[in-house]
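Peer 1: Pasting a structure here, questions to come.
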Amino acid sequence: MTHSAPQGTADTGVSVDGREVLFERRGRLGVITLNRPRAVNALTAGMVGQLLEQLTAWADDDGVATVLVQGAGDRGLCAGGDIVAIYRDMLEGGERTAHFWATEYRVNSLIARYPKPYVALMDGLVLGGGVGISAHGSVRVVTERTRTGMPETTIGFAPDVGGTFLLSRAPGETGTHAGLTGAHLDGADALYLGLASHFVPSEKLPALVAALEHETAEAAVGRYSTEAPPSALQGQREWIDACYSADDAGDIVRRLRGYEGVGSDEAAQAADAIEAKSPTSVKVTLAALRRAKGHTLDEALAQEYRTGLRFLEAPDFREGIRAQVVDKDRNPRWNPATLADVAPEQVERFFEPLGSRELDLRGVDPQLKEPDHD
């Protein structure tokens with residue numbers, strides 16, 4: 001949940017009043033507004049700490065019937081985590097980032113088991129960590145402006161914030177395709193993958209928010225949601241399923257390059273996209289997705305915490321951020337440089353237990369319900 005695409009910048013991005021997250025009550029609606037619009041509301045450690053505290057308080061507040069999360073500005077809900085802050089912390093050992101992720105993943109787990117309707121407005125950019133604070137909720141609203149996805153392989157990382165849990169449960173191999181390529185997806189694709197639940201035209205969002213102040217989430221969203229356009233991913237299932245069913249990333253790329261049926265051009269483009277990513281990230285992502293199929297959300301988050309801490313120590317995460325948002329040369333020098341150069345034992349090391357540093361999510365309120373949607 002911590003990895004915005006290049007839109008995450010060093011800009012503090014705050015509004016005039018300087019608060020990174022705004023909380024307010026409107027009738028029986030608790031409203032959360034991420035408030036770093038110039039940074040597309042990229043998440044900071046302070047923000048996730050505030051989210052955890054306020055969501056926990058509202059869970060037990062009888063005066064709050066529904067919780068809404070939205071982003072300030074017109075660019076999107078959240079472009080991910082503040083990866084420039086992560087880059088700077090990596091240069092100093094990465095301890096602040098490890099603490100940030102531990103808190104962030106608690107927020108993700110809490111959202112998934114929240115005892116009240118949790119409505120996320122996934123309008124505009126919703127990437128990486130933005131998916132973590134939206135796609136685990138009970139009501140996940142996309143629009144014609146939605147551009148979402150898990151672009152972590154682009155920066156030498158792997159999907160986190162429960163992204164491996166979500167993508168591993170997408171139809172066929174569409175989640176594998178989305179995870180390895182880091183593709184930006186529209187609202188219809190998000191619905192098809194299971195990252196969203198409703199489609200509402202962006203012009204209707206103000207009316208939806210107003211209705212949520214005094215109506216149930218079910219009634220309000222039911223009134224304003226409409227049928228989404230067709231999903232491009234759904235129409236590409238034949239070549240996606242044929243090529244991505246392999247459990248070796250090199251085999252997947254070879255199948256994509258050799259595919260000769262309808263969609264062969266798109267398959268070749270997917271191969272190009274994968275080969276431009278960090279080879280280590282691609283292989284770890286594939287392994288994580290396969291393992292996550294048998295995990296609960298909390299187990300997947302614990303696994304992502306393991307791989308995340310290992311990425312902090314590996315060269316590609318730092319190099320990917322450098323190339324995308326620090327020096328902005330878009331020319332990362334991956335090490336190892338090719339998929340063939342990444343040995344199986346190198347991948348396995350990312351999944352080894354952390355011992356005393358394992359993420360323990362048992363502190364999430366046991367009174368809350370268990371996650372009930374894939």
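By convention in this document, the chains of the structure tokens carry letters A, B, ... by their order, each chain's residues are numbered from 1, and ligands are numbered from 1 in the order they are shown.
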If you count only C-alpha atoms, which residues fall within 10 Å of A:Glu260, apart from same-chain ones fewer than 6 positions away, as a PyMOL selection string?

Peer 2: chain A and resi 239+267-268

Peer 1: What's around stretch 176-189 of chain A at 8 Å? Count only C-alpha atoms, leave out sequence neighbours fewer than 2 positions away in its own chain, and write the answer as a PyMOL selection string.

Peer 2: chain A and resi 142-154+159+167-168+173-174+191-193+196+199+228-234+240+244+270+273-274+277+282+285-286+289

Peer 1: Smallest atom-to-atom distance to A:Ala57: which of A:Tyr114, A:Gly27, A:Ser109, A:Asn41, using only C-alpha atoms?

Peer 2: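 When distances to A:Ala57 are compared using only C-alpha atoms, the smallest one comes from A:Tyr114.
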
Peer 1: Quick one: contact table of stretch 113-228 of chain A to stretch 66-82 of chain A, 7 Å max, nearest atom pair and distance in Å to one decimal per residue, counting only C-alpha atoms, chain and number order, as CSV?

Peer 2:
residue,atom,partner,partner_atom,distance
A:Lys116,CA,A:Thr66,CA,5.8
A:Pro117,CA,A:Thr66,CA,5.1
A:Tyr118,CA,A:Val67,CA,4.9
A:Val119,CA,A:Leu68,CA,4.7
A:Ala120,CA,A:Val69,CA,5.0
A:Leu121,CA,A:Gln70,CA,5.3
A:Met122,CA,A:Leu77,CA,5.8
A:Asp123,CA,A:Gly76,CA,5.5
A:Gly124,CA,A:Gly76,CA,3.8
A:Leu125,CA,A:Gly76,CA,4.2
A:Val126,CA,A:Cys78,CA,5.1
A:Leu127,CA,A:Ala79,CA,4.8
A:Gly128,CA,A:Gly80,CA,4.6
A:Gly129,CA,A:Gly80,CA,4.1
A:Gly130,CA,A:Cys78,CA,4.6
A:Ala217,CA,A:Thr66,CA,6.9

Peer 1: Could you write out that same residue set with N, CA, C and O atoms as a JSON list (two decimals), in the first residue's frame?

Peer 2:
[["chain", "number", "residue", "atom", "x", "y", "z"],
["A", 116, "LYS", "N", -19.51, -1.46, 9.94],
["A", 116, "LYS", "CA", -20.48, -0.54, 9.33],
["A", 116, "LYS", "C", -20.15, -0.40, 7.86],
["A", 116, "LYS", "O", -19.02, -0.68, 7.45],
["A", 117, "PRO", "N", -21.12, 0.05, 7.06],
["A", 117, "PRO", "CA", -20.79, 0.28, 5.65],
["A", 117, "PRO", "C", -19.61, 1.24, 5.51],
["A", 117, "PRO", "O", -19.59, 2.31, 6.14],
["A", 118, "TYR", "N", -18.65, 0.85, 4.71],
["A", 118, "TYR", "CA", -17.46, 1.65, 4.44],
["A", 118, "TYR", "C", -17.47, 1.95, 2.95],
["A", 118, "TYR", "O", -17.30, 1.05, 2.12],
["A", 119, "VAL", "N", -17.73, 3.19, 2.61],
["A", 119, "VAL", "CA", -17.92, 3.60, 1.21],
["A", 119, "VAL", "C", -16.67, 4.32, 0.73],
["A", 119, "VAL", "O", -16.27, 5.35, 1.29],
["A", 120, "ALA", "N", -16.03, 3.80, -0.31],
["A", 120, "ALA", "CA", -14.83, 4.41, -0.88],
["A", 120, "ALA", "C", -15.16, 4.97, -2.25],
["A", 120, "ALA", "O", -15.67, 4.24, -3.12],
["A", 121, "LEU", "N", -14.87, 6.26, -2.46],
["A", 121, "LEU", "CA", -15.08, 6.88, -3.76],
["A", 121, "LEU", "C", -13.78, 6.75, -4.56],
["A", 121, "LEU", "O", -12.84, 7.54, -4.40],
["A", 122, "MET", "N", -13.73, 5.77, -5.46],
["A", 122, "MET", "CA", -12.52, 5.45, -6.22],
["A", 122, "MET", "C", -12.50, 6.21, -7.54],
["A", 122, "MET", "O", -12.36, 5.64, -8.62],
["A", 123, "ASP", "N", -12.65, 7.51, -7.44],
["A", 123, "ASP", "CA", -12.69, 8.39, -8.60],
["A", 123, "ASP", "C", -11.27, 8.85, -8.93],
["A", 123, "ASP", "O", -10.48, 9.15, -8.03],
["A", 124, "GLY", "N", -10.92, 8.92, -10.22],
["A", 124, "GLY", "CA", -9.58, 9.35, -10.61],
["A", 124, "GLY", "C", -8.55, 8.28, -10.31],
["A", 124, "GLY", "O", -8.82, 7.08, -10.41],
["A", 125, "LEU", "N", -7.34, 8.69, -9.92],
["A", 125, "LEU", "CA", -6.25, 7.75, -9.65],
["A", 125, "LEU", "C", -6.46, 7.04, -8.32],
["A", 125, "LEU", "O", -6.70, 7.68, -7.29],
["A", 126, "VAL", "N", -6.35, 5.71, -8.36],
["A", 126, "VAL", "CA", -6.43, 4.88, -7.15],
["A", 126, "VAL", "C", -5.38, 3.79, -7.33],
["A", 126, "VAL", "O", -5.66, 2.73, -7.91],
["A", 127, "LEU", "N", -4.17, 4.04, -6.86],
["A", 127, "LEU", "CA", -3.06, 3.15, -7.12],
["A", 127, "LEU", "C", -2.42, 2.66, -5.83],
["A", 127, "LEU", "O", -2.41, 3.36, -4.83],
["A", 128, "GLY", "N", -1.86, 1.45, -5.86],
["A", 128, "GLY", "CA", -1.10, 0.94, -4.73],
["A", 128, "GLY", "C", -1.84, 1.09, -3.42],
["A", 128, "GLY", "O", -2.89, 0.49, -3.20],
["A", 129, "GLY", "N", -1.28, 1.91, -2.52],
["A", 129, "GLY", "CA", -1.90, 2.11, -1.22],
["A", 129, "GLY", "C", -3.31, 2.64, -1.29],
["A", 129, "GLY", "O", -4.11, 2.44, -0.37],
["A", 130, "GLY", "N", -3.67, 3.34, -2.37],
["A", 130, "GLY", "CA", -5.04, 3.79, -2.54],
["A", 130, "GLY", "C", -6.00, 2.63, -2.69],
["A", 130, "GLY", "O", -7.16, 2.70, -2.25],
["A", 217, "ALA", "N", -26.39, 3.22, 3.26],
["A", 217, "ALA", "CA", -25.48, 3.11, 2.12],
["A", 217, "ALA", "C", -26.11, 2.30, 1.00],
["A", 217, "ALA", "O", -25.98, 2.65, -0.18]]

Peer 1: Write out as a ChimeraX atom specification the set of residues from stretch 98-314 of chain A that DSSP, computed on the backbone, places in strand (DSSP E or B).

Peer 2: /A:118-122,124-127,139-142,147-149,185,198-199,226

Peer 1: Can you list, as a ChimeraX atom specification, every protein, DNA or RNA residue that comes within 8 Å of A:Glu319 when you count only C-alpha atoms, leaving out same-chain residues fewer than 3 positions away?

Peer 2: /A:155-156,315-316,322-323,332-334

Peer 1: If we count only C-alpha atoms, what is near stretch 341-353 of chain A at a cut-off of 6 Å, once residues fewer than 5 positions away on the same chain are taken out, given as a list in words?

Peer 2: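 The filter keeps Val284, Thr307, Arg310 and Pro336 of chain A.
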
Peer 1: Excluding same-chain residues fewer than 3 positions from A:Leu208, what lies within 8 Å of it counting only C-alpha atoms, as a ChimeraX atom specification?

Peer 2: /A:204-205,211-212,220-221,224

Peer 1: Could you save those same residues with C-alpha atoms as an mmCIF file, in the first residue's frame?

Peer 2:
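In the end it all went to part-v6.cif:
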data_model
loop_
_atom_site.group_PDB
_atom_site.id
_atom_site.type_symbol
_atom_site.label_atom_id
_atom_site.label_comp_id
_atom_site.auth_asym_id
_atom_site.auth_seq_id
_atom_site.Cartn_x
_atom_site.Cartn_y
_atom_site.Cartn_z
ATOM 1 C CA LYS A 204 -23.453 11.986 -9.460
ATOM 2 C CA LEU A 205 -20.889 11.695 -6.648
ATOM 3 C CA ALA A 211 -27.704 11.089 0.333
ATOM 4 C CA LEU A 212 -25.343 9.092 2.543
ATOM 5 C CA ALA A 220 -28.083 5.670 -1.589
ATOM 6 C CA VAL A 221 -25.655 3.689 -3.718
ATOM 7 C CA TYR A 224 -27.097 6.418 -8.057
#

Peer 1: Using only C-alpha atoms, pick whichever of A:Glu266, A:His198, A:Ala45, A:Ala190 has the shortest atom-to-atom distance to A:Glu218.

Peer 2: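 Result for the nearest residue to A:Glu218: A:His198.
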
Peer 1: Select from stretch 53-235 of chain A everything DSSP, run on the backbone, classes as helix (DSSP H, G or I), then give the selection as a ChimeraX atom specification.

Peer 2: /A:53-59,83-90,95-112,129-132,152-155,163-168,174-181,187-193,202-212,217-224,232-235

Peer 1: Can you work out which one of A:Gly294, A:Gly18, A:Gly137, A:Gly162 has the shortest atom-to-atom distance to A:Tyr105, counting only C-alpha atoms?

Peer 2: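 Going through A:Gly294, A:Gly18, A:Gly137, A:Gly162 one by one, the smallest distance to A:Tyr105 is for A:Gly162.
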
Peer 1: Using only C-alpha atoms, which residues sit within 9 Å of A:Leu312 once same-chain residues fewer than 5 positions away are excluded, as a tab-separated table (two decimals) with N, CA and C atoms, in the first residue's frame?

Peer 2:
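Heads up, here's the output in out04.tsv:
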chain	number	residue	atom	x	y	z
A	90	MET	N	14.91	4.56	3.20
A	90	MET	CA	15.77	3.43	2.84
A	90	MET	C	17.24	3.80	2.94
A	93	GLY	N	18.18	3.18	6.50
A	93	GLY	CA	17.94	1.89	7.14
A	93	GLY	C	16.54	1.34	7.01
A	94	GLY	N	15.54	2.17	6.72
A	94	GLY	CA	14.19	1.68	6.42
A	94	GLY	C	13.31	1.40	7.62
A	97	THR	N	9.84	3.13	7.50
A	97	THR	CA	8.96	2.51	6.50
A	97	THR	C	8.36	1.22	7.04
A	98	ALA	N	9.15	0.42	7.74
A	98	ALA	CA	8.62	-0.82	8.32
A	98	ALA	C	7.48	-0.51	9.29
A	157	PHE	N	9.18	-3.30	-6.64
A	157	PHE	CA	8.49	-3.77	-5.45
A	157	PHE	C	7.46	-4.82	-5.87
A	307	THR	N	7.80	-9.87	2.52
A	307	THR	CA	8.46	-9.54	1.25
A	307	THR	C	8.83	-8.06	1.22
A	317	PHE	N	14.24	-1.99	-5.38
A	317	PHE	CA	13.22	-1.06	-4.89
A	317	PHE	C	13.78	0.36	-4.88
A	318	ARG	N	14.97	0.51	-4.34
A	318	ARG	CA	15.60	1.82	-4.31
A	318	ARG	C	15.86	2.33	-5.72

Peer 1: Might you pull out every residue within 7 Å of A:His136, with only C-alpha atoms counted and same-chain residues fewer than 4 positions away left off, and present them as a list in words?

Peer 2: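 With the cut-off at 7 Å, the set is Asn108, Ile111, Ala112 and Gly132 of chain A.
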
Peer 1: Could you check which of A:Leu339, A:Val40, A:Ala102, A:Val21 is closest to A:Glu358, using only C-alpha atoms?

Peer 2: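 Looking at the shortest contact to A:Glu358, the residue is A:Ala102.
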
Peer 1: In Å, rounded to a single decimal, give me how far atom CA of A:Asp265 is from atom CA of A:Glu238.

Peer 2: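 Atom CA of A:Asp265 lies 13.3 Å from atom CA of A:Glu238.
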